[in-house]
Amino acid sequence: MPTDLIIYSGAGPDADPWHALPQTTARLSDVLRDFGPAQIVSTPDELAARLDQAAVLVVNASAGADRTGPSPADQQFGRLLDSFLARGGGLLAVHSSTIAFPGLETWHRTIGASWEHGKSFHPPLDRTLVRRTKVEHPIADGLGDFWVEDERYSDLVLADGLATEPLYVHEHDGVTHPLVWAHEVGAGRVVYSALGHDERSYESPEHAELLRRSTEWLRTGIVREQS
């Protein structure tokens, strides 16, 4: 049965000991249930069998610290993603996805950032204020600041030439760090959100609404007004 939504939930080489990806994938699926039942896959082969039917691909993945370069499976994933975006698909990448597919330049250029071990960091997980910027975008128009219990990724390495501006940021030790942004890649659309470390993050109604609006924009480019 065709589906609008596929979630790539990292497992094996696309997982790590610090992120409970099956649990956060389940919460993502629940938050986005208005878009229909999500198909959950964990390998590029499974993705290849279903991606032609999808409008939006959500990536909730990571990688162990001992992975330093792209594997053949990573390269297969990259080719699938490039084709998906070329036909106008939408990509939502969350949290530790900046760690995923290490060394796969097309992936990190597409989402706009990567986690660099020894440079990137996050303060201890805590209840934190996520601040809305003044950037106008259909995803965030009408939304404001919100509180969430989560990690705050900091000093991510932004892709060269990334023209987009963040929709949401956080501040740590007087430095502002981007958390959520959206841009277009060819015919496709991309949203990256650094939020979503564990299930507590999805208990924030504002975070859940931001994810729903992101998915709606990825599907259609149009976002309904908040009810």
# chains A, B, ... in the order shown; residues from 1 in each chain; ligands from 1
call {"tool": "residues_around", "arguments": {"residues": "range 108-110 of chain A", "least_positions_apart": "3", "cutoff": "12 Å", "atoms": "only C-alpha atoms", "output": "ChimeraX atom specification"}}
result
/A:70,74,78,81-82,85-86,90-93,96-105,113-116,156-164,181-186,188-192
call {"tool": "closest_residue", "arguments": {"among": "A:Leu5, A:Val135, A:Ala187, A:Ala140", "to": "Asp34 in chain A", "atoms": "only C-alpha atoms"}}
result
A:Leu5
call {"tool": "closest_atom_pairs", "arguments": {"of": "range 9-51 of chain A", "to": "range 210-225 of chain A", "cutoff": "12 Å", "atoms": "only C-alpha atoms", "output": "CSV"}}
result
residue,atom,partner,partner_atom,distance
A:Arg27,CA,A:Leu211,CA,11.4
A:Leu28,CA,A:Leu211,CA,8.6
A:Ser29,CA,A:Arg212,CA,10.7
A:Asp30,CA,A:Arg212,CA,10.6
A:Val31,CA,A:Arg212,CA,7.3
A:Leu32,CA,A:Arg212,CA,6.0
A:Arg33,CA,A:Arg212,CA,9.2
A:Asp34,CA,A:Arg212,CA,8.4
A:Phe35,CA,A:Thr215,CA,8.5
A:Gly36,CA,A:Thr215,CA,11.8
call {"tool": "write_last_selection", "arguments": {"atoms": "C-alpha atoms", "output": "tab-separated table (two decimals), in the first residue's frame"}}
result
chain	number	residue	atom	x	y	z
A	27	ARG	CA	7.48	8.64	19.04
A	28	LEU	CA	8.17	10.25	15.67
A	29	SER	CA	5.70	7.88	14.04
A	30	ASP	CA	3.09	8.80	16.65
A	31	VAL	CA	3.68	12.56	16.34
A	32	LEU	CA	3.31	12.32	12.54
A	33	ARG	CA	0.36	9.91	12.54
A	34	ASP	CA	-1.89	12.49	10.84
A	35	PHE	CA	0.09	11.84	7.66
A	36	GLY	CA	-0.82	8.17	7.71
call {"tool": "atom_distance", "arguments": {"atom1": "CA of Arg50 in chain A", "atom2": "CA of Gly88 in chain A"}}
result
15.8 Å
call {"tool": "select_by_dssp", "arguments": {"residues": "chain A", "states": "strand (DSSP E)", "output": "count of residues only"}}
result
56
call {"tool": "residues_around", "arguments": {"residues": "range 119-123 of chain A", "least_positions_apart": "4", "cutoff": "7 Å", "atoms": "only C-alpha atoms", "output": "number ranges by chain"}}
result
A: 115, 151-156
call {"tool": "residues_around", "arguments": {"residues": "Trp18 in chain A", "least_positions_apart": "4", "cutoff": "12 Å", "atoms": "only C-alpha atoms", "output": "MDAnalysis selection string"}}
result
chainID A and resid 61:65 95:96 99 151 197:198
call {"tool": "atom_distance", "arguments": {"atom1": "CA of Ala38 in chain A", "atom2": "CA of Tyr168 in chain A"}}
result
26.1 Å
call {"tool": "closest_residue", "arguments": {"among": "A:Ser42, A:Thr133, A:Thr25, A:Ser201", "to": "Pro178 in chain A", "atoms": "only C-alpha atoms"}}
result
A:Thr133
call {"tool": "select_by_dssp", "arguments": {"residues": "range 129-210 of chain A", "states": "helix (DSSP H, G or I)", "output": "PDB file with N, CA and C atoms, in the first residue's frame"}}
result
ATOM      1  N   GLU A 199      12.793  10.200  24.263  1.00  0.00           N
ATOM      2  CA  GLU A 199      11.331  10.339  24.215  1.00  0.00           C
ATOM      3  C   GLU A 199      10.824  11.603  24.884  1.00  0.00           C
ATOM      4  N   ARG A 200      11.562  12.111  25.867  1.00  0.00           N
ATOM      5  CA  ARG A 200      11.112  13.314  26.571  1.00  0.00           C
ATOM      6  C   ARG A 200      10.989  14.506  25.633  1.00  0.00           C
ATOM      7  N   SER A 201      11.819  14.566  24.619  1.00  0.00           N
ATOM      8  CA  SER A 201      11.769  15.690  23.687  1.00  0.00           C
ATOM      9  C   SER A 201      10.410  15.787  23.008  1.00  0.00           C
ATOM     10  N   TYR A 202       9.808  14.631  22.709  1.00  0.00           N
ATOM     11  CA  TYR A 202       8.553  14.612  21.963  1.00  0.00           C
ATOM     12  C   TYR A 202       7.337  14.860  22.852  1.00  0.00           C
ATOM     13  N   GLU A 203       7.575  15.025  24.144  1.00  0.00           N
ATOM     14  CA  GLU A 203       6.487  15.400  25.046  1.00  0.00           C
ATOM     15  C   GLU A 203       6.182  16.894  24.972  1.00  0.00           C
ATOM     16  N   PRO A 205       4.624  19.831  23.323  1.00  0.00           N
ATOM     17  CA  PRO A 205       3.631  19.993  22.247  1.00  0.00           C
ATOM     18  C   PRO A 205       4.117  20.924  21.149  1.00  0.00           C
ATOM     19  N   GLU A 206       4.943  21.899  21.508  1.00  0.00           N
ATOM     20  CA  GLU A 206       5.446  22.820  20.493  1.00  0.00           C
ATOM     21  C   GLU A 206       6.462  22.138  19.586  1.00  0.00           C
ATOM     22  N   HIS A 207       7.288  21.275  20.169  1.00  0.00           N
ATOM     23  CA  HIS A 207       8.221  20.521  19.330  1.00  0.00           C
ATOM     24  C   HIS A 207       7.448  19.603  18.382  1.00  0.00           C
ATOM     25  N   ALA A 208       6.426  18.931  18.897  1.00  0.00           N
ATOM     26  CA  ALA A 208       5.616  18.061  18.049  1.00  0.00           C
ATOM     27  C   ALA A 208       4.959  18.850  16.923  1.00  0.00           C
ATOM     28  N   GLU A 209       4.451  20.039  17.230  1.00  0.00           N
ATOM     29  CA  GLU A 209       3.825  20.865  16.199  1.00  0.00           C
ATOM     30  C   GLU A 209       4.849  21.301  15.155  1.00  0.00           C
ATOM     31  N   LEU A 210       6.050  21.615  15.591  1.00  0.00           N
ATOM     32  CA  LEU A 210       7.104  21.995  14.653  1.00  0.00           C
ATOM     33  C   LEU A 210       7.411  20.850  13.695  1.00  0.00           C
TER      34      LEU A 210
END
call {"tool": "atom_distance", "arguments": {"atom1": "CA of Arg67 in chain A", "atom2": "CA of Val175 in chain A"}}
result
29.6 Å
call {"tool": "closest_residue", "arguments": {"among": "A:Gln39, A:Ser204, A:Thr24, A:Asn60", "to": "Thr128 in chain A", "atoms": "only C-alpha atoms"}}
result
A:Ser204
